[in-house]
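Shown next, in structure tokens, is the structure this report addresses.
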Amino acid sequence: MQTTKKRVTSIEVAKRAGVSQATVSRAFNPDSKMQDKTRQKVLAAAKELNYTPDAIARSMSSNRTNIIAVIMKNPTNPFYAKILTSFSSSFQKHNKQILFFNLENEKNINTVMQQVLQYRVDAILLTDSPISFDWVDTCAQFNIPVLLFNRYANNHNITAVCCDNVEAGRNCANYLVQKGFSRFAYIGSIEDVSTSIDRQKGFLDRLQELGFANCDTYKCSFSYEAGQEIMREVLSTGGKSYDAIFCANDLIASGCMDVARYEHHLSLPEDLAIIGFDNIDLASYPSYNLTTFVQPLEAMIEKTVQLIMNPSETDMKRHLFLYPCKIIERKTT
């Protein structure tokens with residue numbers, strides 16, 4: 001009969017290294033201050049004994065799990081997959097781990113939040129998922145900070161890190177008008193999210209200021225297939241003749257491009273200019289060469305991690321941190 005091998009404890013490591021049990025704990029914390037010689041002695045003793053720290057036991061004694069919950073509903077989107085990877089790497093540098101929750105259905109947000117709280121996480125980060133304000137209040141009662149990334153909420157007091165989508169929309173209008181385009185459309189999200197709403201607002205407001213009062217708007221989900229479907233609708237209406245379309249993200253734009261080129265045999269940008277948003281890897285591929293907006297993700301992620309790891313009173317009072325975007329010009333304009 002096979003027996004389970006007894007787990008080596010930190011007490012045994014401390015005896016082998018000739019240090020205190022507390023020193024053993026600090027040696028496995030990258031952020032702790034300790035002489036390198038002492039740390040190496042502890043790590044060597046741990047290796048000899050085949051010891052690994054017990055994260056669960058540590059969390060019980062410190063009342064912190066070192067786990068950050070990330071709730072996301074569209075991890076297959078290359079933009080959010082990149083964000084998830086970047087956050088994971090950033091938090092690991094601070095000895096924190098990500099616990100990912102996939103929100104397959106927006107109606108299940110309350111169920112997901114219940115599951116999140118069962119893990120006693122240190123913080124909750126919502127990216128492209130909807131917000132349950134009742135649960136945000138519940139988290140506050142447990143002193144669990146909730147932050148939004150790449151979106152914000154006007155009707156609740158939640159700290160958010162986001163790009164300045166209104167200004168990006170305005171810059172898009174300026175850019176297209178300066179390029180000589182004059183018949184515009186905007187394709188945004190069917191979901192009520194700040195990213196798409198603000199990009200549309202900035203775009204339409206600035207066009208009107210420049211003397212272009214007419215700009216049709218369309219809505220679809222943030223996907224390549226949805227971009228194809230909406231573009232078929234746009235191009236099948238005989239009375240509609242646009243020379244420039246601003247899409248809420250690159251996946252929509254790439255779907256629009258393929259329908260325009262391969263089903264309607266349009267040349268880009270001679271017959272139609274298309275601009276996307278997010279600068280995913282696909283946008284730079286030679287077969288697309290899509291003009292798009294790039295967000296300063298590195299700075300945005302760094303700020304978000306800082307807010308979670310070491311929030312200042314000034315930062316938490318600001319609540320909304322906006323970052324400028326810039327246009328990456330390629331062959332579709």
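Simple scheme: letters A, B, ... for chains in structure tokens order, numbers from 1 for residues in each chain, numbers from 1 for ligands in the order shown.
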TODO: For segment 228-242 of chain A, list every protein, DNA or RNA residue within 12 Å, evaluated using only C-alpha atoms, and leave out those in the same chain fewer than 5 positions away; present the list as an MDAnalysis selection string.
DONE: chainID A and resid 181:190 214:223 247 251:266 269:274
TODO: Write out as a ChimeraX atom specification all residues of segment 15-222 of chain A that DSSP puts in alpha helix (DSSP H) for this structure's backbone.
DONE: /A:15-17,21-27,36-49,55-62,78-92,109-118,133-141,165-178,194-209
Atoms to include: C-alpha atoms. Write the selected residues as a compact mmCIF listing (two decimals), in the first residue's frame.
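Here's the written file result-v1.txt:
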```txt
# COMPACT_ATOMS: atom_id res chain seq x y z
CA LYS A 15 16.75 24.03 11.97
CA ARG A 16 18.80 22.91 8.95
CA ALA A 17 19.74 26.52 8.05
CA GLN A 21 11.11 30.14 11.26
CA ALA A 22 10.26 33.76 10.50
CA THR A 23 13.49 34.10 8.53
CA VAL A 24 12.50 31.10 6.41
CA SER A 25 9.19 32.79 5.58
CA ARG A 26 10.91 36.06 4.65
CA ALA A 27 13.45 34.23 2.48
CA ASP A 36 21.69 37.75 0.34
CA LYS A 37 23.96 35.35 2.24
CA THR A 38 21.16 34.48 4.68
CA ARG A 39 18.58 34.08 1.91
CA GLN A 40 20.85 31.75 -0.04
CA LYS A 41 21.51 29.65 3.08
CA VAL A 42 17.77 29.22 3.63
CA LEU A 43 17.09 28.39 -0.01
CA ALA A 44 19.91 25.83 -0.01
CA ALA A 45 18.47 24.13 3.10
CA ALA A 46 15.03 24.11 1.51
CA LYS A 47 16.41 22.48 -1.63
CA GLU A 48 18.17 19.78 0.40
CA LEU A 49 14.94 18.95 2.23
CA ALA A 55 0.74 29.34 0.30
CA ILE A 56 -2.53 28.40 1.98
CA ALA A 57 -0.97 28.22 5.43
CA ARG A 58 0.82 31.52 4.83
CA SER A 59 -2.42 33.23 3.84
CA MET A 60 -4.13 32.01 7.01
CA SER A 61 -1.41 33.49 9.22
CA SER A 62 -1.10 36.78 7.31
CA PRO A 78 -6.24 38.95 -28.71
CA PHE A 79 -6.33 42.35 -27.01
CA TYR A 80 -7.62 40.94 -23.72
CA ALA A 81 -5.45 37.83 -23.96
CA LYS A 82 -2.45 40.16 -24.07
CA ILE A 83 -3.78 42.13 -21.10
CA LEU A 84 -4.26 38.95 -19.06
CA THR A 85 -0.71 37.79 -19.80
CA SER A 86 0.76 41.19 -18.96
CA PHE A 87 -1.11 41.44 -15.66
CA SER A 88 -0.02 37.94 -14.70
CA SER A 89 3.65 38.78 -15.30
CA SER A 90 3.39 42.12 -13.48
CA PHE A 91 1.72 40.70 -10.38
CA GLN A 92 4.14 37.77 -10.18
CA ILE A 109 -21.99 38.08 -12.90
CA ASN A 110 -23.56 37.66 -9.43
CA THR A 111 -22.71 33.95 -9.38
CA VAL A 112 -19.14 34.69 -10.43
CA MET A 113 -18.76 37.36 -7.76
CA GLN A 114 -19.94 34.87 -5.15
CA GLN A 115 -17.25 32.46 -6.29
CA VAL A 116 -14.60 35.19 -6.25
CA LEU A 117 -15.30 36.11 -2.62
CA GLN A 118 -14.99 32.47 -1.54
CA PHE A 133 -22.66 47.56 -8.12
CA ASP A 134 -24.30 45.64 -5.27
CA TRP A 135 -21.29 43.33 -5.20
CA VAL A 136 -18.88 46.25 -5.36
CA ASP A 137 -20.48 47.54 -2.16
CA THR A 138 -20.20 44.07 -0.62
CA CYS A 139 -16.50 43.94 -1.50
CA ALA A 140 -16.00 47.31 0.18
CA GLN A 141 -17.45 45.89 3.40
CA ASN A 165 -11.53 57.19 -25.77
CA VAL A 166 -13.34 60.48 -26.30
CA GLU A 167 -10.10 62.18 -27.30
CA ALA A 168 -9.20 59.21 -29.51
CA GLY A 169 -12.53 59.59 -31.34
CA ARG A 170 -11.88 63.28 -31.85
CA ASN A 171 -8.38 62.57 -33.16
CA CYS A 172 -9.82 60.02 -35.57
CA ALA A 173 -12.20 62.63 -36.97
CA ASN A 174 -9.37 65.16 -37.35
CA TYR A 175 -7.18 62.60 -39.08
CA LEU A 176 -9.80 61.44 -41.60
CA VAL A 177 -10.93 64.97 -42.48
CA GLN A 178 -7.30 66.08 -42.97
CA SER A 194 -17.80 53.14 -21.95
CA THR A 195 -15.09 52.29 -24.50
CA SER A 196 -17.37 52.17 -27.53
CA ILE A 197 -19.70 54.92 -26.28
CA ASP A 198 -16.82 57.35 -25.76
CA ARG A 199 -15.12 56.57 -29.08
CA GLN A 200 -18.40 57.24 -30.87
CA LYS A 201 -19.06 60.42 -28.90
CA GLY A 202 -15.64 61.90 -29.60
CA PHE A 203 -15.81 60.95 -33.26
CA LEU A 204 -19.31 62.32 -33.94
CA ASP A 205 -18.88 65.47 -31.84
CA ARG A 206 -15.67 66.43 -33.59
CA LEU A 207 -17.11 65.70 -37.05
CA GLN A 208 -20.01 68.01 -36.28
CA GLU A 209 -17.62 70.74 -35.13
```
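Shortest separation to Leu307 of chain A among A:Val146, A:Val8, A:Arg151, A:Val19 occurs at residue A:Val146, atoms counted being only C-alpha atoms.
Going from atom CA of His94 of chain A over to atom CA of Met72 of chain A, you cover 21.7 Å.
Note that atom CA of Asp192 of chain A and atom CA of Tyr152 of chain A are 11.5 Å apart.
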- [ ] May I have all residues of segment 98-278 of chain A that DSSP, computed from the backbone, assigns to strand (DSSP E or B), given as a VMD selection string?
- [x] chain A and resid 98 to 102 123 to 126 146 to 149 159 to 163 184 to 189 215 to 220 244 to 247 273 to 277
How would the residues just picked look written out with C-alpha atoms as a PDB file, in the first residue's frame?
```pdb
ATOM      1  CA  ILE A  98      -3.852  35.865 -10.718  1.00  0.00           C
ATOM      2  CA  LEU A  99      -7.023  33.822 -10.303  1.00  0.00           C
ATOM      3  CA  PHE A 100      -8.905  34.089 -13.589  1.00  0.00           C
ATOM      4  CA  PHE A 101     -12.690  33.950 -13.826  1.00  0.00           C
ATOM      5  CA  ASN A 102     -14.240  33.564 -17.271  1.00  0.00           C
ATOM      6  CA  ALA A 123      -8.326  42.612  -4.917  1.00  0.00           C
ATOM      7  CA  ILE A 124     -10.683  42.253  -7.884  1.00  0.00           C
ATOM      8  CA  LEU A 125      -9.910  43.526 -11.362  1.00  0.00           C
ATOM      9  CA  LEU A 126     -12.673  43.766 -13.971  1.00  0.00           C
ATOM     10  CA  VAL A 146     -12.352  46.641  -6.942  1.00  0.00           C
ATOM     11  CA  LEU A 147     -10.734  48.283  -9.968  1.00  0.00           C
ATOM     12  CA  LEU A 148     -11.827  48.670 -13.572  1.00  0.00           C
ATOM     13  CA  PHE A 149      -9.409  48.391 -16.468  1.00  0.00           C
ATOM     14  CA  THR A 159     -11.371  53.563  -9.414  1.00  0.00           C
ATOM     15  CA  ALA A 160     -10.649  52.948 -13.097  1.00  0.00           C
ATOM     16  CA  VAL A 161      -7.679  52.996 -15.463  1.00  0.00           C
ATOM     17  CA  CYS A 162      -8.634  53.641 -19.076  1.00  0.00           C
ATOM     18  CA  CYS A 163      -7.455  55.239 -22.270  1.00  0.00           C
ATOM     19  CA  PHE A 184     -18.340  58.726 -42.555  1.00  0.00           C
ATOM     20  CA  ALA A 185     -19.741  55.818 -40.569  1.00  0.00           C
ATOM     21  CA  TYR A 186     -18.975  54.467 -37.113  1.00  0.00           C
ATOM     22  CA  ILE A 187     -19.314  50.797 -36.131  1.00  0.00           C
ATOM     23  CA  GLY A 188     -19.478  50.351 -32.363  1.00  0.00           C
ATOM     24  CA  SER A 189     -20.492  47.753 -29.820  1.00  0.00           C
ATOM     25  CA  CYS A 215     -22.419  60.164 -39.693  1.00  0.00           C
ATOM     26  CA  ASP A 216     -24.319  56.896 -39.616  1.00  0.00           C
ATOM     27  CA  THR A 217     -23.697  54.528 -36.722  1.00  0.00           C
ATOM     28  CA  TYR A 218     -23.950  50.736 -36.585  1.00  0.00           C
ATOM     29  CA  LYS A 219     -23.600  48.247 -33.758  1.00  0.00           C
ATOM     30  CA  CYS A 220     -22.262  44.725 -33.469  1.00  0.00           C
ATOM     31  CA  ALA A 244     -14.290  56.173 -44.365  1.00  0.00           C
ATOM     32  CA  ILE A 245     -15.386  53.893 -41.516  1.00  0.00           C
ATOM     33  CA  PHE A 246     -14.161  54.043 -37.917  1.00  0.00           C
ATOM     34  CA  CYS A 247     -14.492  50.684 -36.124  1.00  0.00           C
ATOM     35  CA  ALA A 273     -10.777  53.827 -45.689  1.00  0.00           C
ATOM     36  CA  ILE A 274     -11.051  51.769 -42.493  1.00  0.00           C
ATOM     37  CA  ILE A 275      -9.612  52.518 -39.043  1.00  0.00           C
ATOM     38  CA  GLY A 276      -9.591  50.090 -36.131  1.00  0.00           C
ATOM     39  CA  PHE A 277      -8.691  50.257 -32.469  1.00  0.00           C
TER      40      PHE A 277
END
```
Task: atom CA of Lys326 of chain A to atom CA of Asp164 of chain A, distance in Å rounded to a single decimal - done: 10.3 Å
TODO: Considering only C-alpha atoms, state which residue in the set A:Val121, A:Met300, A:Val13, A:Ile158 is at the smallest distance from Phe142 of chain A.
DONE: A:Val121
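Compared by their closest atoms to Ile280 of chain A, and using only C-alpha atoms, the residues A:Ile328, A:Leu210, A:Ala69, A:Val305 rank with A:Ile328 nearest.
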Open item on the list: Could you check the closest approach to Asn66 of chain A for each of A:Ile131, A:Ile308, A:Glu225, A:Gly211 and tell me which residue wins, using only C-alpha atoms?
Closed with: A:Ile308
